[in-house]
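Encoded as structure tokens, the structure appears first; notes follow it.
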Amino acid sequence: MPSLVHTEIETAVKGFLIDQEKMTEVVERMTKEIKMGLAKDTHARSVIKCFVSHVQDLPTGKERGKYLALDLGGSNFRVLLVNLISSSDVEIMSKGYNFPLTLMSGSGNALFDFLAESLSEFCHTHGLENESLPLGFTFSFPLQQQGLSKGILVAWTKGFSCEGVVGKNVVSLLQEAIDRRGDIKINTVAILNDTVGTLMSCAFYHPNCRIGLIVGTGSNACYVEKTVNAECFEGYQTSPKPSMIINCEWGAFGDNGVLEFVRTSYDKIVDKVTPNPGKQTFEKCISGMYMGELVRLVIIDMIAKGFMFHGIISEKIQERWSFKTAYISDVESDAPGEYRNCNKVLSELGILGCQEPDKEALRYICEAVSSRSAKLCACGLVTIINKMNINEVVIGIDGSVYRFHPKYHDMLQYHMKKLLKPGVKFELIVSEDGSGRGAALVAATAVQAKSKL
């Protein structure tokens, strides 16, 4: 324990420090929930839904052609043109669109009109308005898929609450918005979750990739299951194809109370101020949308009790969500005993002239929150690897937390090794542009499937 950290601060974050025994318990409980999600009889009451993605073909590396992709993931929206030229040459042109925050809680029509308008603008810029290109739509919210091009929104997450979308086929809503404009020819071929795009994109170059993981604004994973185990797929016993990608929707793990033993009082405060209290329990312990706020809550608790920032008043730190998750990466990037990034973060929060013990305390709190995130993520991946019963696997990973936190990759690796059976080999690989290239690959699969009908 760093000697500069006040014992009261150590006590406050103790709940975030999960030991090996608790991690093993998380794996056991998660295994049970995944099995319930896959089985037809228990699916309805399961919390990890294990939705069938309808993607049964992994890339062969021989996919070719031009595809459009839309990516609505939470904090960003992009339109992409992906040209699969050869197995080593993929051209991607993309444009990010400023996503008006008002759209997150407005009407569904307004949201899809904005998506169609951005798509139209992109097509006209690139001279594609008269080309009828297949489109892959990466839609990173819980979907019940009824086919490659039919996905029903189960619930909004990550701060969204647009009305008139839950329970509807998202592909139809997009297609209707495109048709309302009438100025572009688009055929929405496939809808996919971002984890599926991440897996597919990684598998294009790494044939042994069988798991896709996102740790960004939200968190979720998908993996390749035997079709015969995907009981919620109509043809699970008769399908000629041996595999099915399963979108776990693991963010909802714990919504039935089984994760209370790793939650803290701070988690409960965060949960209350979100648009979906009581939902996405696992995600709220792990993902970038919530980590910064967890750190802030500990800080203001310590300030109120007189253990940090004595006599320094900052209005900013009292504002909800003001401590960005990116700050955690910044603070933890400093070498021990150095505080260059930490000072920058503190000045952005209007906290100036504080002592070294305060900076050490801030680092300690950040480490507690980020290490719990990595430990729980490791538990999730180990659960999936055990379920697949394989000895070697590549895991494609994307998301801001994994990409930008200086130690996340190492922490994941370390805790996975400790939890896995001896001899199981795994490789964690950053998946480049899952929602672009991945969406194009799913669209390519869908086009091939259609041509065989």
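Residue numbers start at 1 in each chain; chains themselves are named A, B, ... in the order of the structure tokens; ligands are numbered from 1 in the order shown.
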
Hey, could you make a per-residue contact list for range 48-73 of chain A against range 137-148 of chain A with 8 Å as the cut-off, showing the nearest pair of atoms and its distance in Å to one decimal, counting only C-alpha atoms, sorted by chain and number, as a tab-separated table?
residue	atom	partner	partner_atom	distance
A:Phe51	CA	A:Gln144	CA	6.1
A:Val52	CA	A:Gln145	CA	6.5
A:Ser53	CA	A:Gln145	CA	6.1
A:His54	CA	A:Leu148	CA	5.5
A:Val55	CA	A:Leu148	CA	7.0
A:Ala69	CA	A:Phe137	CA	5.7
A:Leu70	CA	A:Phe137	CA	4.8
A:Asp71	CA	A:Thr138	CA	4.7
A:Leu72	CA	A:Phe139	CA	5.3
A:Gly73	CA	A:Ser140	CA	4.9

Margin query: When you look at Lys375 in chain A with a cut-off of 8 Å (counting only C-alpha atoms), what residues show up, excluding the ones that are within fewer than 2 positions of it in the same chain? I need them as a PyMOL selection string.
Written below: chain A and resi 18+23+371-373+377-379+411-412+415

Check: Could you state the separation of CA of Ala304 in chain A and CA of Pro336 in chain A in Å, given to one decimal place?
Finding: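 Spanning CA of Ala304 in chain A to CA of Pro336 in chain A is a straight-line distance of 27.0 Å.
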
Next item on the list: Rank nothing, just name the residue among A:Ile48, A:Val27, A:Val345, A:Leu80 nearest to Gly251 in chain A, using only C-alpha atoms.
Entry: A:Ile48

Check: Please, what distance in Å, to one decimal, runs between CA of Glu356 in chain A and CA of Phe323 in chain A?
Finding: 19.5 Å

Next item on the list: Find, counting only C-alpha atoms, the residue in A:Leu17, A:Leu376, A:Met308, A:Ile186 that gets nearest to Asp358 in chain A.
Entry: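 Residue with the minimum atom-to-atom distance to Asp358 in chain A: A:Met308.
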
Would you list the contacts of Gly218 in chain A as an mmCIF file with all heavy atoms, in the first residue's frame, taking every protein, DNA or RNA residue within 12 Å and counting only C-alpha atoms, but skipping same-chain residues closer than 6 positions in sequence?
data_model
loop_
_atom_site.group_PDB
_atom_site.id
_atom_site.type_symbol
_atom_site.label_atom_id
_atom_site.label_comp_id
_atom_site.auth_asym_id
_atom_site.auth_seq_id
_atom_site.Cartn_x
_atom_site.Cartn_y
_atom_site.Cartn_z
ATOM 1 N N GLY A 73 -22.575 3.855 -32.134
ATOM 2 C CA GLY A 73 -22.051 3.068 -31.018
ATOM 3 C C GLY A 73 -22.291 3.650 -29.649
ATOM 4 O O GLY A 73 -22.039 3.001 -28.647
ATOM 5 N N GLY A 74 -22.751 4.871 -29.576
ATOM 6 C CA GLY A 74 -22.894 5.469 -28.249
ATOM 7 C C GLY A 74 -22.478 6.909 -28.354
ATOM 8 O O GLY A 74 -23.275 7.784 -28.661
ATOM 9 N N SER A 75 -21.168 7.159 -28.162
ATOM 10 C CA SER A 75 -20.723 8.553 -28.150
ATOM 11 C C SER A 75 -20.303 9.037 -29.535
ATOM 12 O O SER A 75 -19.851 10.149 -29.687
ATOM 13 C CB SER A 75 -19.567 8.706 -27.168
ATOM 14 O OG SER A 75 -18.601 7.702 -27.406
ATOM 15 N N SER A 140 -24.830 -0.670 -31.758
ATOM 16 C CA SER A 140 -24.254 -1.273 -30.554
ATOM 17 C C SER A 140 -25.162 -1.170 -29.331
ATOM 18 O O SER A 140 -24.792 -0.598 -28.300
ATOM 19 C CB SER A 140 -22.916 -0.619 -30.256
ATOM 20 O OG SER A 140 -22.180 -0.551 -31.443
ATOM 21 N N PHE A 141 -26.353 -1.684 -29.499
ATOM 22 C CA PHE A 141 -27.323 -1.737 -28.391
ATOM 23 C C PHE A 141 -27.939 -3.126 -28.393
ATOM 24 O O PHE A 141 -27.886 -3.818 -29.410
ATOM 25 C CB PHE A 141 -28.400 -0.656 -28.587
ATOM 26 C CG PHE A 141 -27.829 0.744 -28.622
ATOM 27 C CD1 PHE A 141 -27.488 1.330 -29.828
ATOM 28 C CD2 PHE A 141 -27.593 1.443 -27.447
ATOM 29 C CE1 PHE A 141 -26.923 2.597 -29.863
ATOM 30 C CE2 PHE A 141 -27.032 2.716 -27.475
ATOM 31 C CZ PHE A 141 -26.696 3.297 -28.691
ATOM 32 N N PRO A 142 -28.526 -3.552 -27.262
ATOM 33 C CA PRO A 142 -29.046 -4.932 -27.202
ATOM 34 C C PRO A 142 -30.132 -5.192 -28.247
ATOM 35 O O PRO A 142 -31.169 -4.542 -28.252
ATOM 36 C CB PRO A 142 -29.627 -5.024 -25.781
ATOM 37 C CG PRO A 142 -28.916 -3.975 -25.001
ATOM 38 C CD PRO A 142 -28.650 -2.859 -25.968
ATOM 39 N N TRP A 156 -32.675 0.472 -24.755
ATOM 40 C CA TRP A 156 -31.597 1.440 -24.958
ATOM 41 C C TRP A 156 -30.607 1.324 -23.802
ATOM 42 O O TRP A 156 -31.000 1.011 -22.675
ATOM 43 C CB TRP A 156 -32.141 2.857 -24.997
ATOM 44 C CG TRP A 156 -32.813 3.273 -26.272
ATOM 45 C CD1 TRP A 156 -34.122 3.624 -26.434
ATOM 46 C CD2 TRP A 156 -32.202 3.422 -27.564
ATOM 47 N NE1 TRP A 156 -34.364 3.975 -27.744
ATOM 48 C CE2 TRP A 156 -33.208 3.863 -28.460
ATOM 49 C CE3 TRP A 156 -30.902 3.234 -28.052
ATOM 50 C CZ2 TRP A 156 -32.949 4.112 -29.810
ATOM 51 C CZ3 TRP A 156 -30.646 3.479 -29.390
ATOM 52 C CH2 TRP A 156 -31.668 3.913 -30.262
ATOM 53 N N THR A 157 -29.328 1.601 -24.068
ATOM 54 C CA THR A 157 -28.304 1.647 -23.017
ATOM 55 C C THR A 157 -27.424 2.865 -23.298
ATOM 56 O O THR A 157 -27.712 3.637 -24.216
ATOM 57 C CB THR A 157 -27.427 0.371 -23.033
ATOM 58 O OG1 THR A 157 -26.874 0.214 -24.351
ATOM 59 C CG2 THR A 157 -28.228 -0.880 -22.693
ATOM 60 N N LYS A 158 -26.377 3.040 -22.513
ATOM 61 C CA LYS A 158 -25.357 4.081 -22.726
ATOM 62 C C LYS A 158 -25.941 5.494 -22.848
ATOM 63 O O LYS A 158 -25.479 6.307 -23.651
ATOM 64 C CB LYS A 158 -24.517 3.751 -23.972
ATOM 65 C CG LYS A 158 -23.683 2.490 -23.796
ATOM 66 C CD LYS A 158 -22.851 2.149 -24.993
ATOM 67 C CE LYS A 158 -23.622 1.472 -26.093
ATOM 68 N NZ LYS A 158 -22.782 0.824 -27.088
ATOM 69 N N GLY A 159 -26.983 5.773 -22.071
ATOM 70 C CA GLY A 159 -27.515 7.131 -22.034
ATOM 71 C C GLY A 159 -28.569 7.457 -23.072
ATOM 72 O O GLY A 159 -29.126 8.552 -23.078
ATOM 73 N N PHE A 160 -28.883 6.536 -23.973
ATOM 74 C CA PHE A 160 -29.923 6.764 -24.990
ATOM 75 C C PHE A 160 -31.310 6.439 -24.420
ATOM 76 O O PHE A 160 -31.445 5.540 -23.590
ATOM 77 C CB PHE A 160 -29.696 5.863 -26.210
ATOM 78 C CG PHE A 160 -28.722 6.414 -27.203
ATOM 79 C CD1 PHE A 160 -27.370 6.500 -26.893
ATOM 80 C CD2 PHE A 160 -29.146 6.862 -28.448
ATOM 81 C CE1 PHE A 160 -26.456 7.007 -27.816
ATOM 82 C CE2 PHE A 160 -28.242 7.364 -29.375
ATOM 83 C CZ PHE A 160 -26.886 7.439 -29.062
ATOM 84 N N ASP A 194 -21.482 -4.224 -32.328
ATOM 85 C CA ASP A 194 -20.071 -3.850 -32.515
ATOM 86 C C ASP A 194 -19.102 -4.960 -32.099
ATOM 87 O O ASP A 194 -18.004 -5.066 -32.644
ATOM 88 C CB ASP A 194 -19.732 -2.543 -31.792
ATOM 89 C CG ASP A 194 -20.103 -2.550 -30.313
ATOM 90 O OD1 ASP A 194 -20.821 -3.464 -29.873
ATOM 91 O OD2 ASP A 194 -19.686 -1.631 -29.589
ATOM 92 N N THR A 195 -19.506 -5.805 -31.153
ATOM 93 C CA THR A 195 -18.608 -6.900 -30.757
ATOM 94 C C THR A 195 -18.440 -7.887 -31.926
ATOM 95 O O THR A 195 -17.350 -8.402 -32.159
ATOM 96 C CB THR A 195 -19.153 -7.677 -29.538
ATOM 97 O OG1 THR A 195 -20.455 -8.160 -29.834
ATOM 98 C CG2 THR A 195 -19.211 -6.819 -28.298
ATOM 99 N N GLU A 249 -24.283 -9.899 -24.755
ATOM 100 C CA GLU A 249 -24.901 -8.794 -24.001
ATOM 101 C C GLU A 249 -24.596 -8.986 -22.512
ATOM 102 O O GLU A 249 -25.479 -8.996 -21.666
ATOM 103 C CB GLU A 249 -26.416 -8.712 -24.261
ATOM 104 C CG GLU A 249 -26.772 -8.133 -25.612
ATOM 105 C CD GLU A 249 -26.261 -6.708 -25.867
ATOM 106 O OE1 GLU A 249 -25.960 -5.979 -24.895
ATOM 107 O OE2 GLU A 249 -26.121 -6.322 -27.047
ATOM 108 N N TRP A 250 -23.301 -9.069 -22.214
ATOM 109 C CA TRP A 250 -22.916 -9.344 -20.831
ATOM 110 C C TRP A 250 -23.047 -8.128 -19.907
ATOM 111 O O TRP A 250 -22.932 -8.249 -18.697
ATOM 112 C CB TRP A 250 -21.543 -9.990 -20.757
ATOM 113 C CG TRP A 250 -20.308 -9.135 -20.914
ATOM 114 C CD1 TRP A 250 -20.213 -7.771 -20.945
ATOM 115 C CD2 TRP A 250 -18.949 -9.633 -21.011
ATOM 116 N NE1 TRP A 250 -18.903 -7.381 -21.079
ATOM 117 C CE2 TRP A 250 -18.102 -8.495 -21.106
ATOM 118 C CE3 TRP A 250 -18.371 -10.900 -21.007
ATOM 119 C CZ2 TRP A 250 -16.721 -8.602 -21.215
ATOM 120 C CZ3 TRP A 250 -16.991 -10.998 -21.116
ATOM 121 C CH2 TRP A 250 -16.183 -9.871 -21.219
ATOM 122 N N GLY A 251 -23.313 -6.956 -20.491
ATOM 123 C CA GLY A 251 -23.484 -5.757 -19.659
ATOM 124 C C GLY A 251 -24.574 -5.913 -18.605
ATOM 125 O O GLY A 251 -24.533 -5.313 -17.538
ATOM 126 N N ALA A 252 -25.566 -6.757 -18.923
ATOM 127 C CA ALA A 252 -26.715 -6.937 -18.018
ATOM 128 C C ALA A 252 -26.465 -7.973 -16.915
ATOM 129 O O ALA A 252 -27.322 -8.194 -16.061
ATOM 130 C CB ALA A 252 -27.945 -7.339 -18.830
ATOM 131 N N GLN A 280 -27.899 -3.091 -16.695
ATOM 132 C CA GLN A 280 -26.495 -3.042 -17.150
ATOM 133 C C GLN A 280 -25.525 -2.967 -15.964
ATOM 134 O O GLN A 280 -24.567 -2.196 -15.964
ATOM 135 C CB GLN A 280 -26.269 -1.853 -18.110
ATOM 136 C CG GLN A 280 -27.096 -1.904 -19.394
ATOM 137 C CD GLN A 280 -26.805 -3.106 -20.268
ATOM 138 O OE1 GLN A 280 -27.562 -4.066 -20.279
ATOM 139 N NE2 GLN A 280 -25.714 -3.065 -21.006
ATOM 140 N N THR A 281 -25.767 -3.785 -14.952
ATOM 141 C CA THR A 281 -24.981 -3.762 -13.721
ATOM 142 C C THR A 281 -23.496 -4.034 -13.968
ATOM 143 O O THR A 281 -22.627 -3.313 -13.471
ATOM 144 C CB THR A 281 -25.544 -4.809 -12.726
ATOM 145 O OG1 THR A 281 -26.942 -4.552 -12.569
ATOM 146 C CG2 THR A 281 -24.863 -4.742 -11.382
ATOM 147 N N PHE A 282 -23.190 -5.074 -14.732
ATOM 148 C CA PHE A 282 -21.798 -5.446 -15.015
ATOM 149 C C PHE A 282 -21.111 -4.325 -15.799
ATOM 150 O O PHE A 282 -20.001 -3.910 -15.471
ATOM 151 C CB PHE A 282 -21.803 -6.752 -15.825
ATOM 152 C CG PHE A 282 -20.471 -7.454 -15.959
ATOM 153 C CD1 PHE A 282 -19.738 -7.829 -14.840
ATOM 154 C CD2 PHE A 282 -19.967 -7.784 -17.214
ATOM 155 C CE1 PHE A 282 -18.519 -8.508 -14.968
ATOM 156 C CE2 PHE A 282 -18.757 -8.467 -17.354
ATOM 157 C CZ PHE A 282 -18.030 -8.823 -16.226
ATOM 158 N N GLU A 283 -21.811 -3.816 -16.821
ATOM 159 C CA GLU A 283 -21.269 -2.731 -17.642
ATOM 160 C C GLU A 283 -20.933 -1.510 -16.785
ATOM 161 O O GLU A 283 -19.908 -0.858 -16.987
ATOM 162 C CB GLU A 283 -22.296 -2.352 -18.720
ATOM 163 C CG GLU A 283 -21.878 -1.196 -19.606
ATOM 164 C CD GLU A 283 -22.812 -1.018 -20.793
ATOM 165 O OE1 GLU A 283 -23.902 -0.440 -20.621
ATOM 166 O OE2 GLU A 283 -22.453 -1.470 -21.888
ATOM 167 N N LYS A 284 -21.792 -1.212 -15.817
ATOM 168 C CA LYS A 284 -21.578 -0.028 -14.981
ATOM 169 C C LYS A 284 -20.383 -0.189 -14.040
ATOM 170 O O LYS A 284 -19.882 0.788 -13.507
ATOM 171 C CB LYS A 284 -22.854 0.311 -14.202
ATOM 172 C CG LYS A 284 -23.922 0.946 -15.089
ATOM 173 C CD LYS A 284 -25.257 1.130 -14.388
ATOM 174 C CE LYS A 284 -26.295 1.653 -15.375
ATOM 175 N NZ LYS A 284 -27.666 1.614 -14.830
ATOM 176 N N CYS A 285 -19.929 -1.419 -13.833
ATOM 177 C CA CYS A 285 -18.718 -1.654 -13.029
ATOM 178 C C CYS A 285 -17.460 -1.577 -13.889
ATOM 179 O O CYS A 285 -16.356 -1.509 -13.366
ATOM 180 C CB CYS A 285 -18.756 -3.053 -12.390
ATOM 181 S SG CYS A 285 -20.014 -3.263 -11.132
ATOM 182 N N ILE A 286 -17.624 -1.652 -15.212
ATOM 183 C CA ILE A 286 -16.483 -1.867 -16.109
ATOM 184 C C ILE A 286 -16.210 -0.714 -17.057
ATOM 185 O O ILE A 286 -15.076 -0.353 -17.310
ATOM 186 C CB ILE A 286 -16.756 -3.122 -16.994
ATOM 187 C CG1 ILE A 286 -16.634 -4.384 -16.155
ATOM 188 C CG2 ILE A 286 -15.785 -3.208 -18.162
ATOM 189 C CD1 ILE A 286 -16.885 -5.644 -16.964
ATOM 190 N N SER A 287 -17.265 -0.140 -17.643
ATOM 191 C CA SER A 287 -17.040 0.614 -18.877
ATOM 192 C C SER A 287 -16.742 2.095 -18.660
ATOM 193 O O SER A 287 -16.955 2.669 -17.598
ATOM 194 C CB SER A 287 -18.241 0.452 -19.814
ATOM 195 O OG SER A 287 -19.290 1.268 -19.389
ATOM 196 N N GLY A 288 -16.255 2.687 -19.753
ATOM 197 C CA GLY A 288 -15.781 4.060 -19.726
ATOM 198 C C GLY A 288 -16.839 5.090 -19.403
ATOM 199 O O GLY A 288 -16.529 6.175 -18.928
ATOM 200 N N MET A 289 -18.081 4.752 -19.645
ATOM 201 C CA MET A 289 -19.124 5.739 -19.355
ATOM 202 C C MET A 289 -19.220 6.028 -17.856
ATOM 203 O O MET A 289 -19.639 7.114 -17.459
ATOM 204 C CB MET A 289 -20.468 5.225 -19.875
ATOM 205 C CG MET A 289 -21.550 6.256 -19.710
ATOM 206 S SD MET A 289 -22.900 5.983 -20.837
ATOM 207 C CE MET A 289 -23.913 7.383 -20.371
ATOM 208 N N TYR A 290 -18.828 5.071 -17.032
ATOM 209 C CA TYR A 290 -19.086 5.178 -15.585
ATOM 210 C C TYR A 290 -17.835 5.267 -14.707
ATOM 211 O O TYR A 290 -17.916 5.714 -13.572
ATOM 212 C CB TYR A 290 -19.930 3.969 -15.125
ATOM 213 C CG TYR A 290 -21.108 3.718 -16.037
ATOM 214 C CD1 TYR A 290 -21.078 2.749 -17.047
ATOM 215 C CD2 TYR A 290 -22.258 4.507 -15.934
ATOM 216 C CE1 TYR A 290 -22.139 2.556 -17.902
ATOM 217 C CE2 TYR A 290 -23.335 4.317 -16.796
ATOM 218 C CZ TYR A 290 -23.261 3.345 -17.778
ATOM 219 O OH TYR A 290 -24.321 3.172 -18.633
ATOM 220 N N MET A 291 -16.662 4.841 -15.217
ATOM 221 C CA MET A 291 -15.469 4.787 -14.369
ATOM 222 C C MET A 291 -15.074 6.149 -13.798
ATOM 223 O O MET A 291 -14.743 6.277 -12.622
ATOM 224 C CB MET A 291 -14.290 4.193 -15.152
ATOM 225 C CG MET A 291 -14.375 2.693 -15.317
ATOM 226 S SD MET A 291 -13.273 2.107 -16.635
ATOM 227 C CE MET A 291 -11.677 2.343 -15.906
ATOM 228 N N SER A 373 -12.254 -2.922 -13.042
ATOM 229 C CA SER A 373 -12.792 -3.057 -14.397
ATOM 230 C C SER A 373 -12.053 -4.175 -15.142
ATOM 231 O O SER A 373 -12.678 -5.064 -15.729
ATOM 232 C CB SER A 373 -12.644 -1.731 -15.145
ATOM 233 O OG SER A 373 -12.863 -1.906 -16.521
ATOM 234 N N CYS A 377 -13.507 -7.812 -16.382
ATOM 235 C CA CYS A 377 -13.423 -8.136 -17.808
ATOM 236 C C CYS A 377 -12.689 -9.460 -17.999
ATOM 237 O O CYS A 377 -13.095 -10.291 -18.828
ATOM 238 C CB CYS A 377 -12.643 -7.025 -18.492
ATOM 239 S SG CYS A 377 -13.457 -6.505 -19.942
ATOM 240 N N ASP A 398 -11.664 -3.944 -28.887
ATOM 241 C CA ASP A 398 -11.735 -2.538 -29.249
ATOM 242 C C ASP A 398 -12.382 -1.756 -28.109
ATOM 243 O O ASP A 398 -12.924 -2.340 -27.173
ATOM 244 C CB ASP A 398 -12.538 -2.369 -30.549
ATOM 245 C CG ASP A 398 -12.163 -1.074 -31.274
ATOM 246 O OD1 ASP A 398 -11.398 -0.265 -30.704
ATOM 247 O OD2 ASP A 398 -12.639 -0.872 -32.402
ATOM 248 N N GLY A 399 -12.332 -0.443 -28.230
ATOM 249 C CA GLY A 399 -12.935 0.414 -27.207
ATOM 250 C C GLY A 399 -11.892 1.303 -26.557
ATOM 251 O O GLY A 399 -10.738 0.924 -26.394
ATOM 252 N N SER A 400 -12.333 2.509 -26.182
ATOM 253 C CA SER A 400 -11.410 3.538 -25.692
ATOM 254 C C SER A 400 -10.682 3.133 -24.415
ATOM 255 O O SER A 400 -9.516 3.460 -24.230
ATOM 256 C CB SER A 400 -12.179 4.842 -25.462
ATOM 257 O OG SER A 400 -13.353 4.571 -24.698
ATOM 258 N N VAL A 401 -11.345 2.412 -23.523
ATOM 259 C CA VAL A 401 -10.703 2.042 -22.256
ATOM 260 C C VAL A 401 -9.523 1.107 -22.542
ATOM 261 O O VAL A 401 -8.401 1.311 -22.071
ATOM 262 C CB VAL A 401 -11.704 1.380 -21.274
ATOM 263 C CG1 VAL A 401 -10.993 0.875 -20.012
ATOM 264 C CG2 VAL A 401 -12.802 2.371 -20.888
ATOM 265 N N TYR A 402 -9.768 0.088 -23.364
ATOM 266 C CA TYR A 402 -8.698 -0.865 -23.699
ATOM 267 C C TYR A 402 -7.577 -0.180 -24.487
ATOM 268 O O TYR A 402 -6.398 -0.425 -24.253
ATOM 269 C CB TYR A 402 -9.260 -2.039 -24.509
ATOM 270 C CG TYR A 402 -8.182 -3.038 -24.902
ATOM 271 C CD1 TYR A 402 -7.693 -3.952 -23.975
ATOM 272 C CD2 TYR A 402 -7.636 -3.037 -26.185
ATOM 273 C CE1 TYR A 402 -6.685 -4.856 -24.321
ATOM 274 C CE2 TYR A 402 -6.633 -3.933 -26.538
ATOM 275 C CZ TYR A 402 -6.164 -4.840 -25.599
ATOM 276 O OH TYR A 402 -5.172 -5.720 -25.937
#
